[in-house]
Amino acid sequence: MVSGDPNSLYLRPKTLDEAVTLLASSSGQILAGGTDFYPALGERLPQGRVVDITALREIRGITFEPEQIRIGGLTTWSDVIRAPLPLCFDALKAAAREVGSVQIQNRGTVAGNLCNASPAADGVPPLLVLDAEVELASATGMRRIPLGQFLAGNRKTQRRPDEILTAVLVPRRMENAASAFLKLGARRYLVISVSMVAVVVQSDATGRVAEAHIAVGACSAKALRLTALEHALQGLPFNRGIGSAVKPEHLAPLTPIDDVRATAAYRRDASLTLVQRALESCVEAR
């Protein structure tokens, strides 16, 4: 049963099937943790129906499957921090600790962070470097999209109005890879990023880089992987000093802007330093 009058402007389905049926029958805004939903309203009231999905226990929690790790869409950032996850998730855990205050981490959801699609969303770069996909559910079925494609730009995603982001799916092939997340802002805590970087590095039996994934956030309309740099790092000794392999031209895909937090030039220079430091952190963490 859906709590309350089905014709009301506030609905709280108890199952995923109920939720997607409601979204299919009439448009509605999804309410999950509410940490982005309510601040975006300001002093205005919500327009149209609000579909509160906080009762959908089936899409909260982290489960280990043979080929992937499933992070339910309603999983909170505090859940991520507490979960016993493999080494490659250290960057995601570090990012989770940067998502606002502890109170925000207790309420804010992984799906909400992704669907809000802020260029400075802390959770995006660590999930990009893990080759994460998102799972979307509607009344017509499920579909999966790579996270990099799901994010379409500043505050834009590929989610349709009738869909719920039910899970983030991370392949298990790089579980033992070292990872790091670094964030730069005007102060240490409770700050929107000037730049942030996530790195995952898998080394081979000879101590060289077998695979490296690097993503930068807050320096483009959406967080980006630096694929040219990733290719350049392959085969290099995975030792101290690896950060020196990062050159300014590797950051060419970024399109930083001038705003109240920093200039575009500063963002680009800071990102270069953060990438170098994150790679060195991975060397220390292995």
# chains A, B, ... in the order shown; residues from 1 in each chain; ligands from 1
>>> residues_around(residues="Leu165 (chain A)", least_positions_apart="2", cutoff="10 Å", atoms="only C-alpha atoms", output="PyMOL selection string")
chain A and resi 59+72-74+110-112+114-115+134-138+142-144+159-160+163+167-168
>>> residues_around(residues="region 175-184 of chain A", least_positions_apart="5", cutoff="8 Å", atoms="only C-alpha atoms", output="ChimeraX atom specification")
/A:86-92,94-95,126,193-203,270,274,278-279,281-283,285-286
>>> residues_around(residues="region 30-41 of chain A", least_positions_apart="4", cutoff="9 Å", atoms="only C-alpha atoms", output="ChimeraX atom specification")
/A:23,45-46,49-54,74,76,104,106-109,111-113,116,164
>>> select_by_dssp(residues="region 68-187 of chain A", states="strand (DSSP E)", output="PyMOL selection string")
chain A and resi 68-72+133-138+141-146+151-153+156-157+164-171+178-184
>>> closest_residue(among="A:Glu18, A:Asp259, A:Asp204, A:Glu43", to="Ala218 (chain A)", atoms="only C-alpha atoms")
A:Asp259
>>> closest_residue(among="A:Pro237, A:Pro161, A:Gly185, A:Pro253", to="Asp122 (chain A)", atoms="only C-alpha atoms")
A:Gly185
>>> closest_residue(among="A:Cys219, A:Leu22, A:Ala232, A:Ala120", to="Tyr266 (chain A)", atoms="only C-alpha atoms")
A:Cys219
>>> residues_around(residues="Phe238 (chain A)", least_positions_apart="4", cutoff="6 Å", atoms="only C-alpha atoms", output="number ranges by chain")
A: 207-209
>>> closest_residue(among="A:Ala265, A:Ile62, A:Thr206, A:Ile145", to="Asn239 (chain A)", atoms="only C-alpha atoms")
A:Thr206
>>> atom_distance(atom1="CA of Leu9 (chain A)", atom2="CA of Ala55 (chain A)")
17.0 Å
>>> closest_residue(among="A:Pro248, A:Pro256, A:Pro171, A:Gly243", to="Glu65 (chain A)", atoms="only C-alpha atoms")
A:Pro171
>>> select_by_dssp(residues="region 53-277 of chain A", states="alpha helix (DSSP H)", output="ChimeraX atom specification")
/A:77-82,90-96,102-107,110-116,124-128,147-150,227-233,264-277
>>> atom_distance(atom1="CA of Arg172 (chain A)", atom2="CA of Glu284 (chain A)")
22.1 Å
>>> closest_residue(among="A:Ile81, A:Leu127, A:Ala117, A:Ala19", to="Gln158 (chain A)", atoms="only C-alpha atoms")
A:Ala117
>>> atom_distance(atom1="CA of Ile257 (chain A)", atom2="CA of Gly217 (chain A)")
12.2 Å
>>> residues_around(residues="Val246 (chain A)", least_positions_apart="4", cutoff="12 Å", atoms="only C-alpha atoms", output="ChimeraX atom specification")
/A:214,226,228-233,236,241-242,250-252,269,271-280
>>> decode(residues="region 87-135 of chain A", atoms="N, CA and C atoms", output="PDB file, in the first residue's frame")
ATOM      1  N   LEU A  87      40.186  -2.785  -1.077  1.00  0.00           N
ATOM      2  CA  LEU A  87      41.160  -1.688  -1.115  1.00  0.00           C
ATOM      3  C   LEU A  87      40.823  -0.648  -2.176  1.00  0.00           C
ATOM      4  N   CYS A  88      40.333  -1.075  -3.322  1.00  0.00           N
ATOM      5  CA  CYS A  88      40.077  -0.124  -4.409  1.00  0.00           C
ATOM      6  C   CYS A  88      38.982   0.880  -4.062  1.00  0.00           C
ATOM      7  N   PHE A  89      38.215   0.615  -2.980  1.00  0.00           N
ATOM      8  CA  PHE A  89      37.161   1.523  -2.553  1.00  0.00           C
ATOM      9  C   PHE A  89      37.653   2.571  -1.544  1.00  0.00           C
ATOM     10  N   ASP A  90      38.944   2.566  -1.227  1.00  0.00           N
ATOM     11  CA  ASP A  90      39.452   3.551  -0.262  1.00  0.00           C
ATOM     12  C   ASP A  90      39.186   4.978  -0.731  1.00  0.00           C
ATOM     13  N   ALA A  91      39.291   5.222  -2.036  1.00  0.00           N
ATOM     14  CA  ALA A  91      39.026   6.563  -2.561  1.00  0.00           C
ATOM     15  C   ALA A  91      37.568   6.941  -2.345  1.00  0.00           C
ATOM     16  N   LEU A  92      36.654   6.001  -2.565  1.00  0.00           N
ATOM     17  CA  LEU A  92      35.234   6.283  -2.365  1.00  0.00           C
ATOM     18  C   LEU A  92      34.937   6.554  -0.897  1.00  0.00           C
ATOM     19  N   LYS A  93      35.557   5.801  -0.003  1.00  0.00           N
ATOM     20  CA  LYS A  93      35.361   6.039   1.431  1.00  0.00           C
ATOM     21  C   LYS A  93      35.887   7.418   1.829  1.00  0.00           C
ATOM     22  N   ALA A  94      37.043   7.798   1.281  1.00  0.00           N
ATOM     23  CA  ALA A  94      37.591   9.124   1.577  1.00  0.00           C
ATOM     24  C   ALA A  94      36.657  10.215   1.078  1.00  0.00           C
ATOM     25  N   ALA A  95      36.084  10.016  -0.111  1.00  0.00           N
ATOM     26  CA  ALA A  95      35.132  10.993  -0.645  1.00  0.00           C
ATOM     27  C   ALA A  95      33.876  11.049   0.209  1.00  0.00           C
ATOM     28  N   ALA A  96      33.424   9.893   0.688  1.00  0.00           N
ATOM     29  CA  ALA A  96      32.219   9.850   1.525  1.00  0.00           C
ATOM     30  C   ALA A  96      32.385  10.707   2.776  1.00  0.00           C
ATOM     31  N   ARG A  97      33.597  10.749   3.310  1.00  0.00           N
ATOM     32  CA  ARG A  97      33.855  11.552   4.521  1.00  0.00           C
ATOM     33  C   ARG A  97      33.867  13.048   4.215  1.00  0.00           C
ATOM     34  N   GLU A  98      33.898  13.392   2.932  1.00  0.00           N
ATOM     35  CA  GLU A  98      33.910  14.805   2.522  1.00  0.00           C
ATOM     36  C   GLU A  98      32.522  15.310   2.124  1.00  0.00           C
ATOM     37  N   VAL A  99      31.521  14.424   2.121  1.00  0.00           N
ATOM     38  CA  VAL A  99      30.174  14.822   1.703  1.00  0.00           C
ATOM     39  C   VAL A  99      29.501  15.567   2.848  1.00  0.00           C
ATOM     40  N   GLY A 100      29.706  16.862   2.910  1.00  0.00           N
ATOM     41  CA  GLY A 100      29.093  17.679   3.950  1.00  0.00           C
ATOM     42  C   GLY A 100      29.525  17.259   5.346  1.00  0.00           C
ATOM     43  N   SER A 101      28.617  17.474   6.291  1.00  0.00           N
ATOM     44  CA  SER A 101      28.859  17.118   7.686  1.00  0.00           C
ATOM     45  C   SER A 101      28.460  15.663   7.936  1.00  0.00           C
ATOM     46  N   VAL A 102      28.719  15.174   9.147  1.00  0.00           N
ATOM     47  CA  VAL A 102      28.313  13.817   9.502  1.00  0.00           C
ATOM     48  C   VAL A 102      26.797  13.665   9.379  1.00  0.00           C
ATOM     49  N   GLN A 103      26.066  14.708   9.744  1.00  0.00           N
ATOM     50  CA  GLN A 103      24.607  14.638   9.640  1.00  0.00           C
ATOM     51  C   GLN A 103      24.178  14.455   8.182  1.00  0.00           C
ATOM     52  N   ILE A 104      24.847  15.146   7.259  1.00  0.00           N
ATOM     53  CA  ILE A 104      24.538  14.987   5.835  1.00  0.00           C
ATOM     54  C   ILE A 104      24.917  13.588   5.368  1.00  0.00           C
ATOM     55  N   GLN A 105      26.045  13.081   5.818  1.00  0.00           N
ATOM     56  CA  GLN A 105      26.470  11.729   5.451  1.00  0.00           C
ATOM     57  C   GLN A 105      25.471  10.683   5.944  1.00  0.00           C
ATOM     58  N   ASN A 106      24.833  10.943   7.071  1.00  0.00           N
ATOM     59  CA  ASN A 106      23.844  10.012   7.613  1.00  0.00           C
ATOM     60  C   ASN A 106      22.557   9.983   6.803  1.00  0.00           C
ATOM     61  N   ARG A 107      22.248  11.062   6.093  1.00  0.00           N
ATOM     62  CA  ARG A 107      21.003  11.167   5.340  1.00  0.00           C
ATOM     63  C   ARG A 107      21.207  11.112   3.826  1.00  0.00           C
ATOM     64  N   GLY A 108      22.257  11.744   3.349  1.00  0.00           N
ATOM     65  CA  GLY A 108      22.474  11.827   1.905  1.00  0.00           C
ATOM     66  C   GLY A 108      22.728  10.460   1.297  1.00  0.00           C
ATOM     67  N   THR A 109      22.164  10.211   0.126  1.00  0.00           N
ATOM     68  CA  THR A 109      22.275   8.912  -0.526  1.00  0.00           C
ATOM     69  C   THR A 109      23.224   8.952  -1.714  1.00  0.00           C
ATOM     70  N   VAL A 110      23.743   7.780  -2.049  1.00  0.00           N
ATOM     71  CA  VAL A 110      24.620   7.667  -3.210  1.00  0.00           C
ATOM     72  C   VAL A 110      23.866   8.072  -4.478  1.00  0.00           C
ATOM     73  N   ALA A 111      22.632   7.586  -4.627  1.00  0.00           N
ATOM     74  CA  ALA A 111      21.844   7.916  -5.821  1.00  0.00           C
ATOM     75  C   ALA A 111      21.565   9.407  -5.904  1.00  0.00           C
ATOM     76  N   GLY A 112      21.258  10.027  -4.782  1.00  0.00           N
ATOM     77  CA  GLY A 112      20.979  11.456  -4.787  1.00  0.00           C
ATOM     78  C   GLY A 112      22.168  12.272  -5.236  1.00  0.00           C
ATOM     79  N   ASN A 113      23.354  11.877  -4.784  1.00  0.00           N
ATOM     80  CA  ASN A 113      24.574  12.582  -5.167  1.00  0.00           C
ATOM     81  C   ASN A 113      24.803  12.502  -6.670  1.00  0.00           C
ATOM     82  N   LEU A 114      24.526  11.342  -7.249  1.00  0.00           N
ATOM     83  CA  LEU A 114      24.732  11.161  -8.680  1.00  0.00           C
ATOM     84  C   LEU A 114      23.642  11.851  -9.497  1.00  0.00           C
ATOM     85  N   CYS A 115      22.390  11.723  -9.053  1.00  0.00           N
ATOM     86  CA  CYS A 115      21.285  12.321  -9.815  1.00  0.00           C
ATOM     87  C   CYS A 115      21.281  13.850  -9.734  1.00  0.00           C
ATOM     88  N   ASN A 116      21.827  14.397  -8.655  1.00  0.00           N
ATOM     89  CA  ASN A 116      21.947  15.848  -8.557  1.00  0.00           C
ATOM     90  C   ASN A 116      22.920  16.385  -9.604  1.00  0.00           C
ATOM     91  N   ALA A 117      23.910  15.545  -9.940  1.00  0.00           N
ATOM     92  CA  ALA A 117      24.829  15.806 -11.061  1.00  0.00           C
ATOM     93  C   ALA A 117      25.567  17.134 -10.970  1.00  0.00           C
ATOM     94  N   SER A 118      25.952  17.512  -9.761  1.00  0.00           N
ATOM     95  CA  SER A 118      26.795  18.687  -9.620  1.00  0.00           C
ATOM     96  C   SER A 118      28.193  18.384 -10.156  1.00  0.00           C
ATOM     97  N   PRO A 119      28.827  19.316 -10.858  1.00  0.00           N
ATOM     98  CA  PRO A 119      30.205  19.091 -11.295  1.00  0.00           C
ATOM     99  C   PRO A 119      31.151  18.830 -10.122  1.00  0.00           C
ATOM    100  N   ALA A 120      30.752  19.301  -8.924  1.00  0.00           N
ATOM    101  CA  ALA A 120      31.595  19.149  -7.736  1.00  0.00           C
ATOM    102  C   ALA A 120      31.086  18.057  -6.802  1.00  0.00           C
ATOM    103  N   ALA A 121      30.265  17.123  -7.300  1.00  0.00           N
ATOM    104  CA  ALA A 121      29.764  16.024  -6.467  1.00  0.00           C
ATOM    105  C   ALA A 121      30.924  15.132  -6.042  1.00  0.00           C
ATOM    106  N   ASP A 122      31.137  15.003  -4.731  1.00  0.00           N
ATOM    107  CA  ASP A 122      32.294  14.274  -4.223  1.00  0.00           C
ATOM    108  C   ASP A 122      32.297  12.802  -4.627  1.00  0.00           C
ATOM    109  N   GLY A 123      31.114  12.202  -4.729  1.00  0.00           N
ATOM    110  CA  GLY A 123      31.060  10.770  -4.992  1.00  0.00           C
ATOM    111  C   GLY A 123      31.352  10.372  -6.421  1.00  0.00           C
ATOM    112  N   VAL A 124      31.353  11.308  -7.345  1.00  0.00           N
ATOM    113  CA  VAL A 124      31.453  10.940  -8.761  1.00  0.00           C
ATOM    114  C   VAL A 124      32.852  10.478  -9.166  1.00  0.00           C
ATOM    115  N   PRO A 125      33.935  11.247  -8.937  1.00  0.00           N
ATOM    116  CA  PRO A 125      35.249  10.792  -9.418  1.00  0.00           C
ATOM    117  C   PRO A 125      35.655   9.408  -8.914  1.00  0.00           C
ATOM    118  N   PRO A 126      35.452   9.086  -7.614  1.00  0.00           N
ATOM    119  CA  PRO A 126      35.849   7.737  -7.175  1.00  0.00           C
ATOM    120  C   PRO A 126      35.055   6.624  -7.839  1.00  0.00           C
ATOM    121  N   LEU A 127      33.799   6.881  -8.182  1.00  0.00           N
ATOM    122  CA  LEU A 127      33.009   5.868  -8.865  1.00  0.00           C
ATOM    123  C   LEU A 127      33.371   5.778 -10.347  1.00  0.00           C
ATOM    124  N   LEU A 128      33.743   6.912 -10.943  1.00  0.00           N
ATOM    125  CA  LEU A 128      34.199   6.879 -12.339  1.00  0.00           C
ATOM    126  C   LEU A 128      35.444   6.009 -12.494  1.00  0.00           C
ATOM    127  N   VAL A 129      36.394   6.141 -11.578  1.00  0.00           N
ATOM    128  CA  VAL A 129      37.632   5.368 -11.719  1.00  0.00           C
ATOM    129  C   VAL A 129      37.425   3.892 -11.396  1.00  0.00           C
ATOM    130  N   LEU A 130      36.299   3.553 -10.785  1.00  0.00           N
ATOM    131  CA  LEU A 130      35.959   2.147 -10.528  1.00  0.00           C
ATOM    132  C   LEU A 130      35.147   1.542 -11.670  1.00  0.00           C
ATOM    133  N   ASP A 131      34.990   2.281 -12.774  1.00  0.00           N
ATOM    134  CA  ASP A 131      34.203   1.819 -13.921  1.00  0.00           C
ATOM    135  C   ASP A 131      32.770   1.484 -13.528  1.00  0.00           C
ATOM    136  N   ALA A 132      32.195   2.295 -12.653  1.00  0.00           N
ATOM    137  CA  ALA A 132      30.847   2.032 -12.144  1.00  0.00           C
ATOM    138  C   ALA A 132      29.796   2.224 -13.229  1.00  0.00           C
ATOM    139  N   GLU A 133      28.736   1.451 -13.113  1.00  0.00           N
ATOM    140  CA  GLU A 133      27.531   1.627 -13.909  1.00  0.00           C
ATOM    141  C   GLU A 133      26.382   1.963 -12.968  1.00  0.00           C
ATOM    142  N   VAL A 134      25.350   2.590 -13.489  1.00  0.00           N
ATOM    143  CA  VAL A 134      24.145   2.826 -12.705  1.00  0.00           C
ATOM    144  C   VAL A 134      23.025   1.949 -13.249  1.00  0.00           C
ATOM    145  N   GLU A 135      22.179   1.515 -12.334  1.00  0.00           N
ATOM    146  CA  GLU A 135      21.006   0.719 -12.690  1.00  0.00           C
ATOM    147  C   GLU A 135      19.770   1.576 -12.490  1.00  0.00           C
TER     148      GLU A 135
END
